[in-house]
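Working notes for the structure below.
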Amino acid sequence: MSKKRKNRKTGLPPGTLIYTGDAQTDNSNVVVIQYNETSISEHILRGGDECPLGQEDKVTWYDVKGINNVKMIERIGQLFQIHPLALEDVLNTQQRPKWEDYQNGIFLIVRSQRTGSETLDITTEQVAFFFSKNFIITFQEDEEDLFHSIRDRLHQGLGKLRQKGVDYLAYTLLDYIVDNYFIILDKTEESIENLENKILNDFKSTTRNEIYNLKRQQSEIRRAVLPLREVIGRFAREDGKFVEQSNLVYIRDLYDHLTQIAEMIESQRDMLQNLNDLFNAEQSIRANHVMKVLTIVSSIFIPLTFIVGVYGMNFDNLPELHFQNGYFAVWILMIFIAILQLIYFRIKKWL
Amino acid sequence: MSKKRKNRKTGLPPGTLIYTGDAQTDNSNVVVIQYNETSISEHILRGGDECPLGQEDKVTWYDVKGINNVKMIERIGQLFQIHPLALEDVLNTQQRPKWEDYQNGIFLIVRSQRTGSETLDITTEQVAFFFSKNFIITFQEDEEDLFHSIRDRLHQGLGKLRQKGVDYLAYTLLDYIVDNYFIILDKTEESIENLENKILNDFKSTTRNEIYNLKRQQSEIRRAVLPLREVIGRFAREDGKFVEQSNLVYIRDLYDHLTQIAEMIESQRDMLQNLNDLFNAEQSIRANHVMKVLTIVSSIFIPLTFIVGVYGMNFDNLPELHFQNGYFAVWILMIFIAILQLIYFRIKKWL
Amino acid sequence: MSKKRKNRKTGLPPGTLIYTGDAQTDNSNVVVIQYNETSISEHILRGGDECPLGQEDKVTWYDVKGINNVKMIERIGQLFQIHPLALEDVLNTQQRPKWEDYQNGIFLIVRSQRTGSETLDITTEQVAFFFSKNFIITFQEDEEDLFHSIRDRLHQGLGKLRQKGVDYLAYTLLDYIVDNYFIILDKTEESIENLENKILNDFKSTTRNEIYNLKRQQSEIRRAVLPLREVIGRFAREDGKFVEQSNLVYIRDLYDHLTQIAEMIESQRDMLQNLNDLFNAEQSIRANHVMKVLTIVSSIFIPLTFIVGVYGMNFDNLPELHFQNGYFAVWILMIFIAILQLIYFRIKKWL
Amino acid sequence: MSKKRKNRKTGLPPGTLIYTGDAQTDNSNVVVIQYNETSISEHILRGGDECPLGQEDKVTWYDVKGINNVKMIERIGQLFQIHPLALEDVLNTQQRPKWEDYQNGIFLIVRSQRTGSETLDITTEQVAFFFSKNFIITFQEDEEDLFHSIRDRLHQGLGKLRQKGVDYLAYTLLDYIVDNYFIILDKTEESIENLENKILNDFKSTTRNEIYNLKRQQSEIRRAVLPLREVIGRFAREDGKFVEQSNLVYIRDLYDHLTQIAEMIESQRDMLQNLNDLFNAEQSIRANHVMKVLTIVSSIFIPLTFIVGVYGMNFDNLPELHFQNGYFAVWILMIFIAILQLIYFRIKKWL
Amino acid sequence: MSKKRKNRKTGLPPGTLIYTGDAQTDNSNVVVIQYNETSISEHILRGGDECPLGQEDKVTWYDVKGINNVKMIERIGQLFQIHPLALEDVLNTQQRPKWEDYQNGIFLIVRSQRTGSETLDITTEQVAFFFSKNFIITFQEDEEDLFHSIRDRLHQGLGKLRQKGVDYLAYTLLDYIVDNYFIILDKTEESIENLENKILNDFKSTTRNEIYNLKRQQSEIRRAVLPLREVIGRFAREDGKFVEQSNLVYIRDLYDHLTQIAEMIESQRDMLQNLNDLFNAEQSIRANHVMKVLTIVSSIFIPLTFIVGVYGMNFDNLPELHFQNGYFAVWILMIFIAILQLIYFRIKKWL
């Protein structure tokens, strides 16, 4: 949210490649992994290196980490004949999640969100996929290694990953991104419960700002998830050009997860709204309490002060002042009035 | 809601079987019932026992109670060739209700909710069904016996249950789960009426928290019911592979019930919102009342206190003090002012 | 709303006939009317009487008034081969309006609501219809005679009723039920206008409760009408098995009326929400007024009381006390201060 | 809104013709215009006159102004074979806008709304159309001449009106009705801007009622426009029986206008809600201001009054009273306290 | 919003050409550009000049800047056989964005919005397009040159613009208009962040008006964008009469951008609502604080003032007055009471 989009290009011809992200330095590199069921190899390409082509009988995964090296992206685009509009979208890091079915491959853009282990700081990153029959290219916005656990799994040969094709790898990568949303939402739910607890047991007016911030965060997550779900829904209806029929059940499962995530988000939205209402009600209950204290104290003492004022007057002829027990009578009167008022307030349940 | 989902697996290859529920000990067992119109048999399998296969001319119901014995679940999965993703969903107790049509059977997951007989404590449990032509497997998350009344009915041979096939049994089990929602909603409605009564007749500020809690509960029920309805809707459109045409009318009836439940939930949501508004209005009416008391007392006595203050001054030359009836004249003045104010407040309808 | 649904059956095999309504005594009876364009006959059946069958060339209308005689309902069900689920729905008086197309007839359930002539007390009743080519059965929940005016019309032979078939009779009965909703909504609109008037001209805090009650009533009506509209919509798309093509225009007209009713309900919902907002605004305008009175009185007299307090002090050396016109000077000062404040409040438009 | 619908018929057989409007006297008449490209004739029929039939080569427009002469309506209905349900709708002035395609013509009902030239008083009127290949009948609820400008245009032979058929005349009449909604909405927008101005610059609590009234009016307009749009949408999909293909572009244009009107209404609804929020915020900002004044005055003078009270005590032994400069010291103390408080309030930005 | 639509025509025959915009003077002109891949020519037509026709092998772009010269528009309309309704829409500057597929070309109307470089002042302008196989006409409401950067690009021959046909030029122009919305939304987001900052750190009651204004502006943008998206969506489904198949990917990309813009608008709407809630909460937190100050000061000093009042009474027999240390005892009592109250307020967390 705080990212300024000042460098969004406007007025330039469509198809012009300009990097619109924040990263300044260029540590971007490409990890190339080639594997089949029996063998696996990996090498890292830096800026100037030549990019090896895929092999028929192997899955080749080009993992582009960091996209501020526009030249390199351009070269990859030409090598694999990626449509200029797709390349442009890779570099425009404000892109909405999308699915595009080109002749020579499927192109999709998703938004990955992760959270720190303790606090609820969300890191957002755009990840683009381009895959064809025997290769996949992933473009990660950040140089940080999002997919290292999957690379590990590939090396270890666990699960079905090495036995299946590009489509299953694409699914695995997307599944990893989707799983991260579950973690974020679980943390959000924890935060909501904390806030709820605070409002009910340890009311502070600053809690209002925390609710507000959570709401903003929530709406940011929502903005990333809903189009992602559309994209995966489109994926699940793929007609089999690049995805094997038997693997569609996995994509559908992924879609179900995103539906569940979307429902959790809606439900949390509701909860936050309720929390907001609860805060406001608490706030006005407290205001009411403050006013009751004021009213009780004032209602009791203001009339009494009037009475003692009466007998502070200096009239020559003020007969009560000369009564033997005048002073004590006044006290009795005042105590009586105070008690009457206390009874009234008790009946009104203000005490 | 209070269940933490800490053990949700992330970064593991899809298809890995891990139990994500809360239960610690393993008392899980499988009740196997085989019946047709004339005979019925039942035995209970513990962890290590071998699982008997179904028979052509009988309905076999494997009722798996408790799912924390992952090994056993796995063995059942292999025996009946359940898809790994389905098995994974059985164990992931945070699963969204779903319907999946596999080649060899229909798999569905629903969320059962029950309430205690007195209070409105909702117990949520995930129940998975896998059924084919002549057998059904139910996976209950809790070991507690959800379906005992249906087992009783089977033994007694009441109704059409024993004369019909697996599809009708599946319907009966789902119908039982759906009926429980009616009970919950009736109790919720009672709670709403109690709260309404409290707000109008016995206002307490803590009622706000009760409304809030009911809202949360409501939204939890909603989250379970809406996808369940989808699932049953999908069931009702089954193309007859595993469900007899003449039984579809029952499934449609079930779907109608869920539609009614969904409408009741929406209507209760509305009521809770109205209750909330009513509470806030009551609250501000009361605040207003408190302020009126303060205003009336202050408006009457503050000016009077000023007057008696005037004649408490010690000026050498303060002529009124020496008037014979000065004191009494002041009293008359003050009573007159007070009466004027009372009339004013009466006109304003503050009294 | 106040009806408790304690006797809703749960855990019983589906198809079990149990009466779930409130009525205790059994005054239920069946009015059988047989008519064609030239002749009409009517007799009343009590509990044990035998039920006459329909005739080919006549329309036979079995009007079952009161449904707490489960035996009788069951016998009728067997006689006319009504599906057990349909019969169950007849007895379950909490049923959602529904349309079911059975082989041998059309079954539909609607919810009739009527209001007293003076106040807005709504009586709700479930009415079930089962009709085939030459007979119709109506099941009224209450024994009170809902349809007497239509029976009169039949006897008098007015309109097209006697010339047309079962479908037109069904339409006439439903039309009568729908017309009652117009009456209810007109009364609701009157109530809304009364409340509006009260808020603007004769504000009382109890008006809040009246708005709340109207809202509840509104939502009850809505809950009956929206599914009823669905049912009639389904009726209007009937494929001509039991309804003549030329009569469909009447059903469509009925559907249009229900659409209008639904829109009126939505619009009244809106109005009630606006009324609610208006009430809250009025309430806070009034609170504001109370506070202004308090502030004006306090702001004027508290400083003055301080001044007279100053000259009530008993210092040996307090020179002003000995000035010849000290007392009068103080009065002038105080009047000056009060006038200044009044001018300030006038500028602020508080006076 | 204030129109009572007391005379809505209920319990009468469908098809009974009863006038449900307000008009008491009968000044209704029928203007018959016959025209083609070269000639035009017009005559006015009163109650008893005979109605001339249409001619093959001319367009005949029967403009029925005022519908409280039920007999005449009935005669027209018989003459042109209008379906009884359609006739009934003509007379029921509470009818929802509708489109009905009868064998012998198209029947449609719309709601016309006009506003006075200065204020925003909306006059609502139901207009029914029945048109076939070579004639059109319009039923205006009010006797006032809604369509005189179109009749003028016909006489003058301007535009394409005289060259085209019945369908184009129907379009022209509807277009005129739709254009009136633009005028109403422009006036509403003006009113909204006035209210906005009042709230921000000249706050009065009665503005609340004006917002409320505008909201009601808005919702009345909305209730007329949305079904009208449906009707025109249905018109635009006419299959060419009564409308020439080349004229459909005009109807579509009309539909676009109604879409724009519907969007303007939604946007004004939004604005009115925002205005409402703005009013409430202003109201509470003002309440807050009142309270600040009270708090500042009280906080400063109540403690000072206490201090002067202390030295007004009559203790025999109260040493300060005998200090030479006690009085002046007390003044200095009090001024110091007051200044401290003023600084505090200034820091708090209350001053 | 402030533009009055007084001159909207009503009651005129449809198809009458009247300019409904604000511009008074006529500086309108037409820039005619003809280009293919190798050559480009441009000339400017003033009011009376003759309009050159397009050439088969070139793209001709007629850029009509300023539309208050109705005669010229009419002549262009006749020259290119534009449907009268389309021409009418060109001149009616309040037109809703629309898409119309005429036999001889595609006509579309969009709403362009731009913002100043510093502040968020939005300039709205209606732009109409009419294009066929080899020419395009653009009608800009304002004479200011919206498309100069694209004309520059054409002259420079950058990108694919010169190599492609009319459809790509139309896309480029629309893309430019859409890009401007991104700039507006980025600025809006900045404004929202500023307001958020103000509320949390530098609260002023006037911020309320700024939120309100932003909301209005937002709703104006929304009103322009949502139908624009519909229009482009319709464009993207063009069946290839006037758009090459291979260029549809660009239009789809444009549609995706508009979807993203629509989502950003919805999200900003949400944020503004949250901001509004935040403001109100802040406001009431502050009111509460004011009241606490009042309550604390009053609760402490009003009872103390009563006590000193007691010993200011002039009773002959008031024993305490004659105690040696009476005065000091009273002070101790009062300090004790004040401390007790401070402790109470501290426990309540009011201090």
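Each chain in the structure tokens gets a letter, A, B, ..., in the order shown, and its residues are numbered from 1; ligands are numbered from 1 in order too.
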
Next item on the list: May I have the residues of chain A within 10 Å of chain C, counting only C-alpha atoms, written as a PyMOL selection string?
Entry: chain A and resi 312-314

Compile the contact shell of Asp239 of chain E as a compact mmCIF listing (two decimals) with all heavy atoms, in the first residue's frame: residues with an atom at most 12 Å away, counting only C-alpha atoms, same-chain residues fewer than 4 positions apart removed.
# COMPACT_ATOMS: atom_id res chain seq x y z
N ASP E 101 -22.83 -1.14 -32.96
CA ASP E 101 -22.27 -1.76 -34.16
C ASP E 101 -23.18 -1.46 -35.35
O ASP E 101 -24.20 -2.11 -35.53
CB ASP E 101 -22.16 -3.26 -33.91
CG ASP E 101 -21.41 -3.95 -35.03
OD1 ASP E 101 -21.15 -3.30 -36.05
OD2 ASP E 101 -21.10 -5.13 -34.86
N ILE E 106 -18.04 0.95 -36.58
CA ILE E 106 -18.30 0.79 -35.15
C ILE E 106 -18.28 2.17 -34.53
O ILE E 106 -17.41 2.99 -34.83
CB ILE E 106 -17.24 -0.12 -34.52
CG1 ILE E 106 -17.60 -1.57 -34.84
CG2 ILE E 106 -17.15 0.09 -33.03
CD1 ILE E 106 -16.49 -2.52 -34.56
N ARG E 234 -17.34 -5.29 -24.72
CA ARG E 234 -18.08 -5.53 -25.95
C ARG E 234 -17.14 -5.48 -27.16
O ARG E 234 -17.26 -6.30 -28.09
CB ARG E 234 -19.17 -4.45 -26.06
CG ARG E 234 -20.14 -4.56 -27.18
CD ARG E 234 -20.96 -5.81 -27.15
NE ARG E 234 -21.56 -6.03 -28.48
CZ ARG E 234 -20.89 -6.44 -29.54
NH1 ARG E 234 -19.61 -6.72 -29.45
NH2 ARG E 234 -21.49 -6.61 -30.70
N PHE E 235 -16.20 -4.55 -27.12
CA PHE E 235 -15.20 -4.39 -28.18
C PHE E 235 -14.37 -5.68 -28.30
O PHE E 235 -14.11 -6.19 -29.40
CB PHE E 235 -14.29 -3.22 -27.80
CG PHE E 235 -13.47 -2.64 -28.92
CD1 PHE E 235 -12.66 -1.52 -28.68
CD2 PHE E 235 -13.49 -3.17 -30.20
CE1 PHE E 235 -11.89 -0.97 -29.69
CE2 PHE E 235 -12.72 -2.61 -31.21
CZ PHE E 235 -11.92 -1.52 -30.96
N VAL E 243 -12.10 -5.49 -36.78
CA VAL E 243 -10.89 -5.69 -35.97
C VAL E 243 -10.23 -7.00 -36.39
O VAL E 243 -10.90 -8.03 -36.49
CB VAL E 243 -11.24 -5.74 -34.48
CG1 VAL E 243 -9.97 -5.88 -33.65
CG2 VAL E 243 -12.01 -4.50 -34.06
N GLU E 244 -8.92 -6.94 -36.61
CA GLU E 244 -8.20 -8.16 -36.96
C GLU E 244 -8.11 -9.10 -35.76
O GLU E 244 -7.90 -8.66 -34.63
CB GLU E 244 -6.78 -7.81 -37.41
CG GLU E 244 -6.60 -7.86 -38.92
CD GLU E 244 -5.18 -7.47 -39.27
OE1 GLU E 244 -4.28 -8.25 -38.90
OE2 GLU E 244 -4.98 -6.40 -39.88
N GLN E 245 -8.23 -10.37 -36.04
CA GLN E 245 -8.19 -11.38 -34.98
C GLN E 245 -6.96 -11.22 -34.09
O GLN E 245 -7.05 -11.22 -32.87
CB GLN E 245 -8.20 -12.77 -35.63
CG GLN E 245 -8.70 -13.87 -34.73
CD GLN E 245 -10.12 -13.61 -34.26
OE1 GLN E 245 -10.91 -13.00 -34.95
NE2 GLN E 245 -10.42 -14.04 -33.04
N ASN E 247 -5.32 -8.72 -33.32
CA ASN E 247 -5.28 -7.52 -32.49
C ASN E 247 -6.21 -7.61 -31.29
O ASN E 247 -6.15 -6.78 -30.39
CB ASN E 247 -5.65 -6.29 -33.33
CG ASN E 247 -4.52 -5.89 -34.26
OD1 ASN E 247 -3.37 -6.26 -34.02
ND2 ASN E 247 -4.84 -5.15 -35.31
N LEU E 248 -7.05 -8.64 -31.28
CA LEU E 248 -8.01 -8.75 -30.17
C LEU E 248 -7.29 -8.91 -28.84
O LEU E 248 -7.80 -8.50 -27.80
CB LEU E 248 -8.97 -9.92 -30.40
CG LEU E 248 -10.11 -9.62 -31.37
CD1 LEU E 248 -11.01 -10.82 -31.53
CD2 LEU E 248 -10.90 -8.41 -30.89

Note to self: Which residues are near segment 76-91 of chain E? Cut-off 10 Å, only C-alpha atoms, ignore same chain within fewer than 3 positions. Put them as an NGL selection string.
What the structure shows: (:D and (249-250 or 253)) or (:E and (14-21 or 50-53 or 62 or 64 or 66-73 or 94-98 or 100 or 102-109 or 126-132 or 135 or 137-141))

Item checked: Close residues, segment 189-202 of chain A itself excluded, 7 Å, only C-alpha atoms, min 2 positions apart in chain, as a ChimeraX atom specification -> /A:185-187,204,275,279

Item checked: Point-to-point distance from atom CA of Trp99 of chain E to atom CA of Ile150 of chain E, Å rounded to tenths ->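 The value is 22.7 Å.
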
Margin query: Please compute the atom CA of Glu42 of chain D-atom CA of Gly165 of chain D distance, one decimal, in Å.
Written below: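 Computing the Euclidean distance for atom CA of Glu42 of chain D and atom CA of Gly165 of chain D yields 17.1 Å.
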
Item checked: Distance of atom CA of Thr38 of chain B from atom CA of Gln163 of chain B, expressed in Å to one decimal place -> 8.7 Å

Next item on the list: Please provide the set of residues having any atom within 10 Å of Leu318 of chain D, restricted to only C-alpha atoms, with same-chain residues fewer than 5 positions apart removed, written as a VMD selection string.
Entry: (chain C and resid 314 to 315) or (chain D and resid 310 to 311 313) or (chain E and resid 321 324 to 328)

Checklist line | strand (DSSP E) residues, from DSSP on the backbone, in segment 7-152 of chain B, as a ChimeraX atom specification | finding: /B:29-35,40-45,59-65,98-102,105-115,122-131,135-140

For the residues in the current selection, export N, CA and C atoms as a short mmCIF file (atom, residue, chain, number, x, y, z; two decimals), in the first residue's frame.
data_model
loop_
_atom_site.label_atom_id
_atom_site.label_comp_id
_atom_site.auth_asym_id
_atom_site.auth_seq_id
_atom_site.Cartn_x
_atom_site.Cartn_y
_atom_site.Cartn_z
N ASN B 29 -12.14 -46.28 15.76
CA ASN B 29 -12.49 -47.62 15.37
C ASN B 29 -13.41 -47.56 14.16
N VAL B 30 -13.62 -48.72 13.56
CA VAL B 30 -14.48 -48.78 12.38
C VAL B 30 -15.63 -49.73 12.67
N VAL B 31 -16.85 -49.22 12.53
CA VAL B 31 -18.01 -50.09 12.68
C VAL B 31 -18.44 -50.52 11.28
N VAL B 32 -18.46 -51.83 11.05
CA VAL B 32 -18.85 -52.33 9.74
C VAL B 32 -20.23 -52.96 9.85
N ILE B 33 -21.17 -52.45 9.08
CA ILE B 33 -22.53 -52.99 9.07
C ILE B 33 -22.83 -53.49 7.67
N GLN B 34 -23.31 -54.71 7.59
CA GLN B 34 -23.74 -55.24 6.30
C GLN B 34 -25.20 -55.61 6.40
N TYR B 35 -26.01 -55.17 5.44
CA TYR B 35 -27.43 -55.48 5.54
C TYR B 35 -28.08 -55.56 4.17
N ILE B 40 -29.00 -58.47 8.77
CA ILE B 40 -28.09 -57.38 9.12
C ILE B 40 -27.02 -57.91 10.08
N SER B 41 -25.78 -57.51 9.86
CA SER B 41 -24.72 -57.91 10.80
C SER B 41 -23.85 -56.70 11.09
N GLU B 42 -23.21 -56.66 12.24
CA GLU B 42 -22.37 -55.53 12.63
C GLU B 42 -21.15 -56.02 13.38
N HIS B 43 -19.96 -55.59 13.03
CA HIS B 43 -18.81 -55.79 13.91
C HIS B 43 -17.92 -54.57 13.94
N ILE B 44 -17.15 -54.50 15.02
CA ILE B 44 -16.31 -53.33 15.22
C ILE B 44 -14.85 -53.71 14.98
N LEU B 45 -14.15 -52.92 14.16
CA LEU B 45 -12.73 -53.15 13.92
C LEU B 45 -11.92 -52.17 14.75
N VAL B 59 -25.71 -54.08 1.31
CA VAL B 59 -25.12 -52.77 1.49
C VAL B 59 -24.11 -52.88 2.62
N THR B 60 -22.88 -52.42 2.39
CA THR B 60 -21.89 -52.44 3.47
C THR B 60 -21.54 -51.00 3.84
N TRP B 61 -21.63 -50.72 5.14
CA TRP B 61 -21.35 -49.37 5.63
C TRP B 61 -20.16 -49.43 6.57
N TYR B 62 -19.05 -48.83 6.17
CA TYR B 62 -17.87 -48.73 7.02
C TYR B 62 -17.93 -47.38 7.71
N ASP B 63 -18.17 -47.38 9.00
CA ASP B 63 -18.30 -46.12 9.73
C ASP B 63 -17.02 -45.87 10.51
N VAL B 64 -16.10 -45.08 9.95
CA VAL B 64 -14.82 -44.82 10.59
C VAL B 64 -15.00 -43.69 11.60
N LYS B 65 -14.85 -44.04 12.89
CA LYS B 65 -15.07 -43.05 13.93
C LYS B 65 -13.74 -42.60 14.50
N LYS B 98 -17.22 -30.32 0.19
CA LYS B 98 -16.98 -30.47 -1.25
C LYS B 98 -17.60 -31.74 -1.79
N TRP B 99 -17.75 -31.79 -3.09
CA TRP B 99 -18.31 -32.91 -3.83
C TRP B 99 -17.31 -33.25 -4.93
N GLU B 100 -16.91 -34.52 -5.00
CA GLU B 100 -16.00 -34.90 -6.08
C GLU B 100 -16.49 -36.21 -6.66
N ASP B 101 -16.57 -36.23 -7.96
CA ASP B 101 -17.08 -37.42 -8.64
C ASP B 101 -15.90 -38.19 -9.23
N TYR B 102 -15.42 -39.23 -8.51
CA TYR B 102 -14.32 -40.03 -9.03
C TYR B 102 -14.90 -41.17 -9.87
N GLY B 105 -16.42 -43.93 -7.54
CA GLY B 105 -17.33 -43.60 -6.45
C GLY B 105 -17.47 -42.11 -6.26
N ILE B 106 -18.38 -41.77 -5.41
CA ILE B 106 -18.61 -40.35 -5.13
C ILE B 106 -18.02 -40.04 -3.77
N PHE B 107 -17.31 -38.90 -3.70
CA PHE B 107 -16.67 -38.51 -2.46
C PHE B 107 -17.27 -37.19 -2.03
N LEU B 108 -17.74 -37.11 -0.80
CA LEU B 108 -18.18 -35.79 -0.35
C LEU B 108 -17.83 -35.53 1.09
N ILE B 109 -17.60 -34.27 1.34
CA ILE B 109 -17.21 -33.83 2.68
C ILE B 109 -18.26 -32.84 3.15
N VAL B 110 -18.76 -33.05 4.36
CA VAL B 110 -19.70 -32.08 4.91
C VAL B 110 -19.24 -31.70 6.30
N ARG B 111 -19.84 -30.70 6.84
CA ARG B 111 -19.52 -30.22 8.17
C ARG B 111 -20.77 -30.41 9.03
N SER B 112 -20.65 -31.24 10.06
CA SER B 112 -21.78 -31.48 10.95
C SER B 112 -21.66 -30.56 12.16
N GLN B 113 -22.78 -29.95 12.54
CA GLN B 113 -22.75 -29.12 13.75
C GLN B 113 -23.89 -29.54 14.66
N ARG B 114 -23.55 -29.73 15.93
CA ARG B 114 -24.58 -30.07 16.91
C ARG B 114 -24.50 -29.12 18.08
N THR B 115 -25.57 -29.06 18.83
CA THR B 115 -25.57 -28.17 19.99
C THR B 115 -25.97 -28.97 21.21
N ILE B 122 -21.86 -25.00 20.18
CA ILE B 122 -21.86 -25.75 18.93
C ILE B 122 -20.61 -26.61 18.82
N THR B 123 -20.81 -27.89 18.59
CA THR B 123 -19.70 -28.80 18.31
C THR B 123 -19.65 -29.01 16.81
N THR B 124 -18.52 -28.72 16.23
CA THR B 124 -18.37 -28.87 14.79
C THR B 124 -17.51 -30.10 14.51
N GLU B 125 -17.86 -30.81 13.48
CA GLU B 125 -17.13 -32.03 13.13
C GLU B 125 -17.18 -32.19 11.63
N GLN B 126 -16.06 -32.61 11.06
CA GLN B 126 -16.05 -32.87 9.62
C GLN B 126 -16.40 -34.33 9.37
N VAL B 127 -17.32 -34.55 8.45
CA VAL B 127 -17.68 -35.92 8.10
C VAL B 127 -17.48 -36.10 6.60
N ALA B 128 -16.72 -37.14 6.23
CA ALA B 128 -16.48 -37.42 4.82
C ALA B 128 -17.22 -38.68 4.43
N PHE B 129 -17.73 -38.70 3.20
CA PHE B 129 -18.44 -39.87 2.68
C PHE B 129 -17.74 -40.32 1.42
N PHE B 130 -17.56 -41.61 1.27
CA PHE B 130 -17.15 -42.15 -0.02
C PHE B 130 -18.07 -43.30 -0.31
N PHE B 131 -18.85 -43.22 -1.39
CA PHE B 131 -19.75 -44.33 -1.64
C PHE B 131 -19.77 -44.73 -3.11
N PHE B 135 -21.24 -50.10 -1.43
CA PHE B 135 -20.69 -49.81 -0.09
C PHE B 135 -20.60 -48.31 0.13
N ILE B 136 -20.54 -47.92 1.40
CA ILE B 136 -20.34 -46.52 1.75
C ILE B 136 -19.34 -46.47 2.90
N ILE B 137 -18.42 -45.54 2.85
CA ILE B 137 -17.50 -45.33 3.96
C ILE B 137 -17.77 -43.95 4.51
N THR B 138 -17.95 -43.85 5.82
CA THR B 138 -18.08 -42.53 6.44
C THR B 138 -16.90 -42.32 7.36
N PHE B 139 -16.28 -41.16 7.27
CA PHE B 139 -15.17 -40.81 8.15
C PHE B 139 -15.63 -39.71 9.09
N GLN B 140 -15.80 -40.06 10.37
CA GLN B 140 -16.18 -39.03 11.34
C GLN B 140 -14.94 -38.51 12.03
#

Next item on the list: Please report, as a count of residues only, each residue of segment 39-169 of chain C to which DSSP assigns helix (DSSP H, G or I) when run on this structure's backbone.
Entry: 31
